[in-house]
>>> print(open('target.txt').read())   # compact mmCIF, N, CA and C atoms
# COMPACT_ATOMS: atom_id res chain seq x y z
N MET A 25 0.20 -15.72 2.61
CA MET A 25 0.38 -14.28 2.64
C MET A 25 -0.37 -13.73 3.84
N ASN A 26 0.31 -13.01 4.70
CA ASN A 26 -0.37 -12.43 5.85
C ASN A 26 -0.34 -10.90 5.76
N LYS A 27 -1.08 -10.27 6.66
CA LYS A 27 -1.21 -8.82 6.62
C LYS A 27 0.12 -8.11 6.89
N ASP A 28 0.95 -8.68 7.75
CA ASP A 28 2.26 -8.07 8.02
C ASP A 28 3.11 -8.02 6.77
N HIS A 29 3.07 -9.09 5.99
CA HIS A 29 3.84 -9.13 4.74
C HIS A 29 3.35 -8.04 3.78
N ILE A 30 2.05 -7.90 3.65
CA ILE A 30 1.47 -6.89 2.75
C ILE A 30 1.83 -5.50 3.26
N PHE A 31 1.73 -5.27 4.56
CA PHE A 31 2.10 -3.99 5.15
C PHE A 31 3.56 -3.66 4.82
N ASN A 32 4.44 -4.64 4.99
CA ASN A 32 5.86 -4.42 4.71
C ASN A 32 6.13 -4.15 3.24
N LEU A 33 5.36 -4.78 2.35
CA LEU A 33 5.48 -4.49 0.92
C LEU A 33 5.15 -3.03 0.64
N ILE A 34 4.04 -2.57 1.18
CA ILE A 34 3.61 -1.19 0.96
C ILE A 34 4.64 -0.22 1.51
N VAL A 35 5.15 -0.48 2.70
CA VAL A 35 6.18 0.37 3.30
C VAL A 35 7.42 0.40 2.43
N SER A 36 7.84 -0.76 1.96
CA SER A 36 9.03 -0.85 1.12
C SER A 36 8.86 -0.04 -0.17
N TYR A 37 7.72 -0.19 -0.83
CA TYR A 37 7.49 0.55 -2.07
C TYR A 37 7.35 2.05 -1.81
N ALA A 38 6.75 2.42 -0.70
CA ALA A 38 6.64 3.84 -0.36
C ALA A 38 8.03 4.44 -0.18
N CYS A 39 8.91 3.71 0.49
CA CYS A 39 10.28 4.20 0.72
C CYS A 39 11.08 4.26 -0.58
N GLN A 40 10.81 3.33 -1.50
CA GLN A 40 11.49 3.36 -2.80
C GLN A 40 11.11 4.60 -3.58
N LEU A 41 9.84 4.93 -3.55
CA LEU A 41 9.35 6.07 -4.34
C LEU A 41 9.56 7.40 -3.64
N ILE A 42 9.60 7.39 -2.31
CA ILE A 42 9.76 8.62 -1.54
C ILE A 42 10.89 8.39 -0.54
N PRO A 43 12.13 8.57 -0.99
CA PRO A 43 13.30 8.25 -0.16
C PRO A 43 13.32 8.93 1.21
N LYS A 44 12.69 10.09 1.34
CA LYS A 44 12.71 10.78 2.65
C LYS A 44 11.95 10.00 3.72
N LEU A 45 11.20 8.97 3.31
CA LEU A 45 10.46 8.17 4.28
C LEU A 45 11.31 7.07 4.92
N GLU A 46 12.53 6.88 4.42
CA GLU A 46 13.42 5.90 5.03
C GLU A 46 13.58 6.26 6.51
N GLY A 47 13.41 5.29 7.36
CA GLY A 47 13.54 5.53 8.79
C GLY A 47 12.25 5.95 9.46
N HIS A 48 11.22 6.26 8.67
CA HIS A 48 9.92 6.62 9.25
C HIS A 48 9.32 5.38 9.92
N GLN A 49 8.75 5.55 11.08
CA GLN A 49 8.08 4.45 11.77
C GLN A 49 6.63 4.38 11.28
N PHE A 50 6.41 3.58 10.27
CA PHE A 50 5.07 3.46 9.68
C PHE A 50 4.10 2.80 10.64
N LYS A 51 2.86 3.30 10.61
CA LYS A 51 1.78 2.75 11.40
C LYS A 51 0.60 2.51 10.46
N PRO A 52 -0.25 1.54 10.78
CA PRO A 52 -1.40 1.27 9.90
C PRO A 52 -2.28 2.50 9.66
N GLY A 53 -2.35 3.41 10.60
CA GLY A 53 -3.18 4.60 10.44
C GLY A 53 -2.57 5.69 9.57
N ASP A 54 -1.32 5.51 9.15
CA ASP A 54 -0.67 6.51 8.29
C ASP A 54 -1.37 6.59 6.93
N ARG A 55 -1.54 7.81 6.48
CA ARG A 55 -2.08 8.04 5.13
C ARG A 55 -0.91 8.38 4.21
N LEU A 56 -0.84 7.70 3.06
CA LEU A 56 0.26 7.94 2.12
C LEU A 56 0.29 9.41 1.69
N ALA A 57 -0.86 10.02 1.50
CA ALA A 57 -0.90 11.42 1.09
C ALA A 57 -0.28 12.32 2.17
N ASP A 58 -0.55 12.01 3.43
CA ASP A 58 0.02 12.79 4.52
C ASP A 58 1.53 12.61 4.64
N LEU A 59 2.03 11.49 4.11
CA LEU A 59 3.47 11.21 4.16
C LEU A 59 4.20 11.80 2.95
N GLY A 60 3.47 12.48 2.08
CA GLY A 60 4.10 13.13 0.94
C GLY A 60 3.93 12.43 -0.39
N ALA A 61 3.15 11.36 -0.42
CA ALA A 61 2.92 10.65 -1.68
C ALA A 61 1.82 11.36 -2.47
N ASN A 62 2.16 11.78 -3.68
CA ASN A 62 1.13 12.39 -4.52
C ASN A 62 0.29 11.28 -5.16
N SER A 63 -0.69 11.64 -5.95
CA SER A 63 -1.60 10.64 -6.51
C SER A 63 -0.88 9.64 -7.40
N VAL A 64 0.12 10.08 -8.14
CA VAL A 64 0.88 9.17 -9.00
C VAL A 64 1.69 8.20 -8.13
N ASP A 65 2.32 8.72 -7.08
CA ASP A 65 3.07 7.86 -6.16
C ASP A 65 2.16 6.80 -5.53
N ARG A 66 0.99 7.23 -5.09
CA ARG A 66 0.06 6.30 -4.44
C ARG A 66 -0.38 5.22 -5.42
N ALA A 67 -0.68 5.61 -6.65
CA ALA A 67 -1.08 4.63 -7.66
C ALA A 67 0.06 3.65 -7.93
N GLU A 68 1.27 4.16 -8.02
CA GLU A 68 2.44 3.30 -8.27
C GLU A 68 2.66 2.32 -7.12
N ILE A 69 2.52 2.77 -5.90
CA ILE A 69 2.67 1.89 -4.73
C ILE A 69 1.64 0.77 -4.79
N ILE A 70 0.42 1.12 -5.11
CA ILE A 70 -0.65 0.12 -5.19
C ILE A 70 -0.39 -0.87 -6.32
N ILE A 71 0.03 -0.36 -7.47
CA ILE A 71 0.32 -1.24 -8.61
C ILE A 71 1.45 -2.20 -8.27
N MET A 72 2.50 -1.70 -7.66
CA MET A 72 3.64 -2.54 -7.29
C MET A 72 3.21 -3.61 -6.28
N ALA A 73 2.39 -3.24 -5.32
CA ALA A 73 1.92 -4.20 -4.33
C ALA A 73 1.03 -5.26 -4.98
N MET A 74 0.15 -4.84 -5.87
CA MET A 74 -0.72 -5.79 -6.56
C MET A 74 0.11 -6.76 -7.40
N GLU A 75 1.12 -6.25 -8.08
CA GLU A 75 1.99 -7.13 -8.87
C GLU A 75 2.73 -8.13 -7.98
N ALA A 76 3.24 -7.67 -6.86
CA ALA A 76 3.97 -8.55 -5.94
C ALA A 76 3.06 -9.64 -5.38
N LEU A 77 1.79 -9.32 -5.24
CA LEU A 77 0.81 -10.27 -4.70
C LEU A 77 0.10 -11.06 -5.79
N SER A 78 0.46 -10.79 -7.05
CA SER A 78 -0.18 -11.43 -8.21
C SER A 78 -1.69 -11.22 -8.20
N LEU A 79 -2.10 -10.01 -7.86
CA LEU A 79 -3.52 -9.65 -7.84
C LEU A 79 -3.86 -8.87 -9.12
N HIS A 80 -4.98 -9.22 -9.69
CA HIS A 80 -5.48 -8.51 -10.86
C HIS A 80 -6.90 -8.05 -10.55
N ILE A 81 -6.98 -6.92 -9.90
CA ILE A 81 -8.28 -6.38 -9.52
C ILE A 81 -8.36 -4.94 -9.99
N PRO A 82 -9.56 -4.47 -10.32
CA PRO A 82 -9.71 -3.07 -10.70
C PRO A 82 -9.34 -2.17 -9.52
N ARG A 83 -8.56 -1.14 -9.79
CA ARG A 83 -8.13 -0.24 -8.71
C ARG A 83 -9.31 0.46 -8.05
N VAL A 84 -10.41 0.56 -8.74
CA VAL A 84 -11.59 1.20 -8.14
C VAL A 84 -12.05 0.42 -6.91
N GLU A 85 -11.74 -0.88 -6.84
CA GLU A 85 -12.13 -1.68 -5.67
C GLU A 85 -11.31 -1.32 -4.43
N LEU A 86 -10.24 -0.55 -4.62
CA LEU A 86 -9.41 -0.11 -3.51
C LEU A 86 -9.78 1.28 -3.04
N PHE A 87 -10.78 1.86 -3.65
CA PHE A 87 -11.15 3.26 -3.43
C PHE A 87 -11.44 3.60 -1.97
N GLY A 88 -12.06 2.72 -1.23
CA GLY A 88 -12.47 3.04 0.14
C GLY A 88 -11.35 3.05 1.16
N ALA A 89 -10.17 2.59 0.79
CA ALA A 89 -9.06 2.53 1.75
C ALA A 89 -8.55 3.94 2.04
N ASN A 90 -8.63 4.36 3.31
CA ASN A 90 -8.24 5.71 3.69
C ASN A 90 -6.83 5.81 4.26
N ASN A 91 -6.26 4.66 4.62
CA ASN A 91 -4.91 4.67 5.19
C ASN A 91 -4.23 3.35 4.84
N ILE A 92 -2.98 3.21 5.26
CA ILE A 92 -2.21 2.02 4.91
C ILE A 92 -2.86 0.75 5.48
N GLY A 93 -3.34 0.82 6.70
CA GLY A 93 -3.97 -0.34 7.32
C GLY A 93 -5.20 -0.81 6.56
N GLU A 94 -6.02 0.13 6.13
CA GLU A 94 -7.21 -0.23 5.37
C GLU A 94 -6.83 -0.79 4.00
N LEU A 95 -5.79 -0.23 3.39
CA LEU A 95 -5.30 -0.76 2.11
C LEU A 95 -4.80 -2.19 2.30
N VAL A 96 -4.07 -2.44 3.37
CA VAL A 96 -3.60 -3.79 3.67
C VAL A 96 -4.80 -4.73 3.82
N ASP A 97 -5.82 -4.30 4.53
CA ASP A 97 -7.01 -5.14 4.73
C ASP A 97 -7.65 -5.51 3.40
N VAL A 98 -7.80 -4.54 2.52
CA VAL A 98 -8.43 -4.80 1.22
C VAL A 98 -7.57 -5.74 0.38
N LEU A 99 -6.27 -5.48 0.32
CA LEU A 99 -5.39 -6.34 -0.47
C LEU A 99 -5.36 -7.75 0.11
N TYR A 100 -5.36 -7.87 1.42
CA TYR A 100 -5.37 -9.18 2.06
C TYR A 100 -6.65 -9.93 1.70
N GLU A 101 -7.77 -9.24 1.82
CA GLU A 101 -9.07 -9.86 1.50
C GLU A 101 -9.08 -10.35 0.05
N LYS A 102 -8.59 -9.53 -0.86
CA LYS A 102 -8.58 -9.91 -2.29
C LYS A 102 -7.62 -11.06 -2.55
N SER A 103 -6.54 -11.15 -1.77
CA SER A 103 -5.56 -12.23 -1.98
C SER A 103 -6.09 -13.57 -1.47
N GLN A 104 -7.13 -13.55 -0.65
CA GLN A 104 -7.68 -14.78 -0.10
C GLN A 104 -8.74 -15.41 -0.99
N LYS A 105 -9.09 -14.76 -2.07
CA LYS A 105 -10.15 -15.28 -2.96
C LYS A 105 -9.57 -16.15 -4.04
>>> encode(input="target.txt", output="structure tokens")
Amino acid sequence: MNKDHIFNLIVSYACQLIPKLEGHQFKPGDRLADLGANSVDRAEIIIMAMEALSLHIPRVELFGANNIGELVDVLYEKSQK
């Protein structure tokens, strides 16, 4: 599992939940909240990504991630353990 794969998972789930994001050129610095994802959407995106990666970690451990790139970094780090 590499960071590009995790990034693409998050982008895919974001587009599923927020169809207006289709065609958006996602960047690691993008914040899901700034793209229109409310707190429920953001939680759902994270849950879907964790399930796809077979990760079982408390969501509080993802608290420090401020943008998609940082979220990818945290999920990647957790997937390597």
>>> atom_distance(input="target.txt", atom1="atom CA of A:Ile69", atom2="atom CA of A:Asn91")
12.8 Å
>>> residues_around(input="target.txt", residues="A:Leu79", least_positions_apart="6", cutoff="8 Å", atoms="all atoms listed in the file", output="VMD selection string")
chain A and resid 73 102 to 103
>>> atom_distance(input="target.txt", atom1="atom N of A:Arg55", atom2="atom N of A:Ile92")
5.0 Å
>>> closest_residue(input="target.txt", among="A:Cys39, A:Phe31, A:Met25, A:Gln49", to="A:Leu77", atoms="only C-alpha atoms")
A:Met25
>>> atom_distance(input="target.txt", atom1="atom CA of A:Ala57", atom2="atom CA of A:Gln104")
27.1 Å
>>> closest_residue(input="target.txt", among="A:Phe87, A:His48, A:Ser78, A:Ala38", to="A:Ala61", atoms="all atoms listed in the file")
A:Ala38
>>> closest_residue(input="target.txt", among="A:Gln40, A:Ser63, A:Asn26, A:Asn32", to="A:Tyr100", atoms="only C-alpha atoms")
A:Asn26
>>> closest_residue(input="target.txt", among="A:Ile81, A:Ile71, A:Val35, A:Val64", to="A:Phe50", atoms="all atoms listed in the file")
A:Val35
>>> closest_residue(input="target.txt", among="A:Lys105, A:Met72, A:Asp54, A:Val96", to="A:Ile30", atoms="all atoms listed in the file")
A:Val96
>>> axis_aligned_box(input="target.txt", around="stretch 32-43 of chain A", padding_each_side="5 Å", output="JSON")
{"center_x": 8.5, "center_y": 2.1, "center_z": 0.3, "size_x": 19.7, "size_y": 23.7, "size_z": 19.3}
>>> select_by_dssp(input="target.txt", residues="chain A", states="alpha helix (DSSP H)", output="PDB file with N, CA and C atoms, in the coordinates of the input")
ATOM      1  N   LYS A  27      -1.080 -10.270   6.660  1.00  0.00           N
ATOM      2  CA  LYS A  27      -1.210  -8.820   6.620  1.00  0.00           C
ATOM      3  C   LYS A  27       0.120  -8.110   6.890  1.00  0.00           C
ATOM      4  N   ASP A  28       0.950  -8.680   7.750  1.00  0.00           N
ATOM      5  CA  ASP A  28       2.260  -8.070   8.020  1.00  0.00           C
ATOM      6  C   ASP A  28       3.110  -8.020   6.770  1.00  0.00           C
ATOM      7  N   HIS A  29       3.070  -9.090   5.990  1.00  0.00           N
ATOM      8  CA  HIS A  29       3.840  -9.130   4.740  1.00  0.00           C
ATOM      9  C   HIS A  29       3.350  -8.040   3.780  1.00  0.00           C
ATOM     10  N   ILE A  30       2.050  -7.900   3.650  1.00  0.00           N
ATOM     11  CA  ILE A  30       1.470  -6.890   2.750  1.00  0.00           C
ATOM     12  C   ILE A  30       1.830  -5.500   3.260  1.00  0.00           C
ATOM     13  N   PHE A  31       1.730  -5.270   4.560  1.00  0.00           N
ATOM     14  CA  PHE A  31       2.100  -3.990   5.150  1.00  0.00           C
ATOM     15  C   PHE A  31       3.560  -3.660   4.820  1.00  0.00           C
ATOM     16  N   ASN A  32       4.440  -4.640   4.990  1.00  0.00           N
ATOM     17  CA  ASN A  32       5.860  -4.420   4.710  1.00  0.00           C
ATOM     18  C   ASN A  32       6.130  -4.150   3.240  1.00  0.00           C
ATOM     19  N   LEU A  33       5.360  -4.780   2.350  1.00  0.00           N
ATOM     20  CA  LEU A  33       5.480  -4.490   0.920  1.00  0.00           C
ATOM     21  C   LEU A  33       5.150  -3.030   0.640  1.00  0.00           C
ATOM     22  N   ILE A  34       4.040  -2.570   1.180  1.00  0.00           N
ATOM     23  CA  ILE A  34       3.610  -1.190   0.960  1.00  0.00           C
ATOM     24  C   ILE A  34       4.640  -0.220   1.510  1.00  0.00           C
ATOM     25  N   VAL A  35       5.150  -0.480   2.700  1.00  0.00           N
ATOM     26  CA  VAL A  35       6.180   0.370   3.300  1.00  0.00           C
ATOM     27  C   VAL A  35       7.420   0.400   2.430  1.00  0.00           C
ATOM     28  N   SER A  36       7.840  -0.760   1.960  1.00  0.00           N
ATOM     29  CA  SER A  36       9.030  -0.850   1.120  1.00  0.00           C
ATOM     30  C   SER A  36       8.860  -0.040  -0.170  1.00  0.00           C
ATOM     31  N   TYR A  37       7.720  -0.190  -0.830  1.00  0.00           N
ATOM     32  CA  TYR A  37       7.490   0.550  -2.070  1.00  0.00           C
ATOM     33  C   TYR A  37       7.350   2.050  -1.810  1.00  0.00           C
ATOM     34  N   ALA A  38       6.750   2.420  -0.700  1.00  0.00           N
ATOM     35  CA  ALA A  38       6.640   3.840  -0.360  1.00  0.00           C
ATOM     36  C   ALA A  38       8.030   4.440  -0.180  1.00  0.00           C
ATOM     37  N   CYS A  39       8.910   3.710   0.490  1.00  0.00           N
ATOM     38  CA  CYS A  39      10.280   4.200   0.720  1.00  0.00           C
ATOM     39  C   CYS A  39      11.080   4.260  -0.580  1.00  0.00           C
ATOM     40  N   GLN A  40      10.810   3.330  -1.500  1.00  0.00           N
ATOM     41  CA  GLN A  40      11.490   3.360  -2.800  1.00  0.00           C
ATOM     42  C   GLN A  40      11.110   4.600  -3.580  1.00  0.00           C
ATOM     43  N   LEU A  41       9.840   4.930  -3.550  1.00  0.00           N
ATOM     44  CA  LEU A  41       9.350   6.070  -4.340  1.00  0.00           C
ATOM     45  C   LEU A  41       9.560   7.400  -3.640  1.00  0.00           C
ATOM     46  N   SER A  63      -0.690  11.640  -5.950  1.00  0.00           N
ATOM     47  CA  SER A  63      -1.600  10.640  -6.510  1.00  0.00           C
ATOM     48  C   SER A  63      -0.880   9.640  -7.400  1.00  0.00           C
ATOM     49  N   VAL A  64       0.120  10.080  -8.140  1.00  0.00           N
ATOM     50  CA  VAL A  64       0.880   9.170  -9.000  1.00  0.00           C
ATOM     51  C   VAL A  64       1.690   8.200  -8.130  1.00  0.00           C
ATOM     52  N   ASP A  65       2.320   8.720  -7.080  1.00  0.00           N
ATOM     53  CA  ASP A  65       3.070   7.860  -6.160  1.00  0.00           C
ATOM     54  C   ASP A  65       2.160   6.800  -5.530  1.00  0.00           C
ATOM     55  N   ARG A  66       0.990   7.230  -5.090  1.00  0.00           N
ATOM     56  CA  ARG A  66       0.060   6.300  -4.440  1.00  0.00           C
ATOM     57  C   ARG A  66      -0.380   5.220  -5.420  1.00  0.00           C
ATOM     58  N   ALA A  67      -0.680   5.610  -6.650  1.00  0.00           N
ATOM     59  CA  ALA A  67      -1.080   4.630  -7.660  1.00  0.00           C
ATOM     60  C   ALA A  67       0.060   3.650  -7.930  1.00  0.00           C
ATOM     61  N   GLU A  68       1.270   4.160  -8.020  1.00  0.00           N
ATOM     62  CA  GLU A  68       2.440   3.300  -8.270  1.00  0.00           C
ATOM     63  C   GLU A  68       2.660   2.320  -7.120  1.00  0.00           C
ATOM     64  N   ILE A  69       2.520   2.770  -5.900  1.00  0.00           N
ATOM     65  CA  ILE A  69       2.670   1.890  -4.730  1.00  0.00           C
ATOM     66  C   ILE A  69       1.640   0.770  -4.790  1.00  0.00           C
ATOM     67  N   ILE A  70       0.420   1.120  -5.110  1.00  0.00           N
ATOM     68  CA  ILE A  70      -0.650   0.120  -5.190  1.00  0.00           C
ATOM     69  C   ILE A  70      -0.390  -0.870  -6.320  1.00  0.00           C
ATOM     70  N   ILE A  71       0.030  -0.360  -7.470  1.00  0.00           N
ATOM     71  CA  ILE A  71       0.320  -1.240  -8.610  1.00  0.00           C
ATOM     72  C   ILE A  71       1.450  -2.200  -8.270  1.00  0.00           C
ATOM     73  N   MET A  72       2.500  -1.700  -7.660  1.00  0.00           N
ATOM     74  CA  MET A  72       3.640  -2.540  -7.290  1.00  0.00           C
ATOM     75  C   MET A  72       3.210  -3.610  -6.280  1.00  0.00           C
ATOM     76  N   ALA A  73       2.390  -3.240  -5.320  1.00  0.00           N
ATOM     77  CA  ALA A  73       1.920  -4.200  -4.330  1.00  0.00           C
ATOM     78  C   ALA A  73       1.030  -5.260  -4.980  1.00  0.00           C
ATOM     79  N   MET A  74       0.150  -4.840  -5.870  1.00  0.00           N
ATOM     80  CA  MET A  74      -0.720  -5.790  -6.560  1.00  0.00           C
ATOM     81  C   MET A  74       0.110  -6.760  -7.400  1.00  0.00           C
ATOM     82  N   GLU A  75       1.120  -6.250  -8.080  1.00  0.00           N
ATOM     83  CA  GLU A  75       1.990  -7.130  -8.870  1.00  0.00           C
ATOM     84  C   GLU A  75       2.730  -8.130  -7.980  1.00  0.00           C
ATOM     85  N   ALA A  76       3.240  -7.670  -6.860  1.00  0.00           N
ATOM     86  CA  ALA A  76       3.970  -8.550  -5.940  1.00  0.00           C
ATOM     87  C   ALA A  76       3.060  -9.640  -5.380  1.00  0.00           C
ATOM     88  N   ILE A  92      -2.980   3.210   5.260  1.00  0.00           N
ATOM     89  CA  ILE A  92      -2.210   2.020   4.910  1.00  0.00           C
ATOM     90  C   ILE A  92      -2.860   0.750   5.480  1.00  0.00           C
ATOM     91  N   GLY A  93      -3.340   0.820   6.700  1.00  0.00           N
ATOM     92  CA  GLY A  93      -3.970  -0.340   7.320  1.00  0.00           C
ATOM     93  C   GLY A  93      -5.200  -0.810   6.560  1.00  0.00           C
ATOM     94  N   GLU A  94      -6.020   0.130   6.130  1.00  0.00           N
ATOM     95  CA  GLU A  94      -7.210  -0.230   5.370  1.00  0.00           C
ATOM     96  C   GLU A  94      -6.830  -0.790   4.000  1.00  0.00           C
ATOM     97  N   LEU A  95      -5.790  -0.230   3.390  1.00  0.00           N
ATOM     98  CA  LEU A  95      -5.300  -0.760   2.110  1.00  0.00           C
ATOM     99  C   LEU A  95      -4.800  -2.190   2.300  1.00  0.00           C
ATOM    100  N   VAL A  96      -4.070  -2.440   3.370  1.00  0.00           N
ATOM    101  CA  VAL A  96      -3.600  -3.790   3.670  1.00  0.00           C
ATOM    102  C   VAL A  96      -4.800  -4.730   3.820  1.00  0.00           C
ATOM    103  N   ASP A  97      -5.820  -4.300   4.530  1.00  0.00           N
ATOM    104  CA  ASP A  97      -7.010  -5.140   4.730  1.00  0.00           C
ATOM    105  C   ASP A  97      -7.650  -5.510   3.400  1.00  0.00           C
ATOM    106  N   VAL A  98      -7.800  -4.540   2.520  1.00  0.00           N
ATOM    107  CA  VAL A  98      -8.430  -4.800   1.220  1.00  0.00           C
ATOM    108  C   VAL A  98      -7.570  -5.740   0.380  1.00  0.00           C
ATOM    109  N   LEU A  99      -6.270  -5.480   0.320  1.00  0.00           N
ATOM    110  CA  LEU A  99      -5.390  -6.340  -0.470  1.00  0.00           C
ATOM    111  C   LEU A  99      -5.360  -7.750   0.110  1.00  0.00           C
ATOM    112  N   TYR A 100      -5.360  -7.870   1.420  1.00  0.00           N
ATOM    113  CA  TYR A 100      -5.370  -9.180   2.060  1.00  0.00           C
ATOM    114  C   TYR A 100      -6.650  -9.930   1.700  1.00  0.00           C
ATOM    115  N   GLU A 101      -7.770  -9.240   1.820  1.00  0.00           N
ATOM    116  CA  GLU A 101      -9.070  -9.860   1.500  1.00  0.00           C
ATOM    117  C   GLU A 101      -9.080 -10.350   0.050  1.00  0.00           C
ATOM    118  N   LYS A 102      -8.590  -9.530  -0.860  1.00  0.00           N
ATOM    119  CA  LYS A 102      -8.580  -9.910  -2.290  1.00  0.00           C
ATOM    120  C   LYS A 102      -7.620 -11.060  -2.550  1.00  0.00           C
ATOM    121  N   SER A 103      -6.540 -11.150  -1.770  1.00  0.00           N
ATOM    122  CA  SER A 103      -5.560 -12.230  -1.980  1.00  0.00           C
ATOM    123  C   SER A 103      -6.090 -13.570  -1.470  1.00  0.00           C
TER     124      SER A 103
END
>>> closest_residue(input="target.txt", among="A:Gly53, A:Ser36, A:Pro43, A:Asp65", to="A:Leu95", atoms="only C-alpha atoms")
A:Gly53
>>> residues_around(input="target.txt", residues="A:Ile70", least_positions_apart="3", cutoff="9 Å", atoms="only C-alpha atoms", output="JSON list (two decimals) with N, CA and C atoms, in the coordinates of the input")
[["chain", "number", "residue", "atom", "x", "y", "z"],
["A", 34, "ILE", "N", 4.04, -2.57, 1.18],
["A", 34, "ILE", "CA", 3.61, -1.19, 0.96],
["A", 34, "ILE", "C", 4.64, -0.22, 1.51],
["A", 37, "TYR", "N", 7.72, -0.19, -0.83],
["A", 37, "TYR", "CA", 7.49, 0.55, -2.07],
["A", 37, "TYR", "C", 7.35, 2.05, -1.81],
["A", 65, "ASP", "N", 2.32, 8.72, -7.08],
["A", 65, "ASP", "CA", 3.07, 7.86, -6.16],
["A", 65, "ASP", "C", 2.16, 6.80, -5.53],
["A", 66, "ARG", "N", 0.99, 7.23, -5.09],
["A", 66, "ARG", "CA", 0.06, 6.30, -4.44],
["A", 66, "ARG", "C", -0.38, 5.22, -5.42],
["A", 67, "ALA", "N", -0.68, 5.61, -6.65],
["A", 67, "ALA", "CA", -1.08, 4.63, -7.66],
["A", 67, "ALA", "C", 0.06, 3.65, -7.93],
["A", 73, "ALA", "N", 2.39, -3.24, -5.32],
["A", 73, "ALA", "CA", 1.92, -4.20, -4.33],
["A", 73, "ALA", "C", 1.03, -5.26, -4.98],
["A", 74, "MET", "N", 0.15, -4.84, -5.87],
["A", 74, "MET", "CA", -0.72, -5.79, -6.56],
["A", 74, "MET", "C", 0.11, -6.76, -7.40],
["A", 75, "GLU", "N", 1.12, -6.25, -8.08],
["A", 75, "GLU", "CA", 1.99, -7.13, -8.87],
["A", 75, "GLU", "C", 2.73, -8.13, -7.98],
["A", 83, "ARG", "N", -8.56, -1.14, -9.79],
["A", 83, "ARG", "CA", -8.13, -0.24, -8.71],
["A", 83, "ARG", "C", -9.31, 0.46, -8.05],
["A", 86, "LEU", "N", -10.24, -0.55, -4.62],
["A", 86, "LEU", "CA", -9.41, -0.11, -3.51],
["A", 86, "LEU", "C", -9.78, 1.28, -3.04],
["A", 95, "LEU", "N", -5.79, -0.23, 3.39],
["A", 95, "LEU", "CA", -5.30, -0.76, 2.11],
["A", 95, "LEU", "C", -4.80, -2.19, 2.30]]
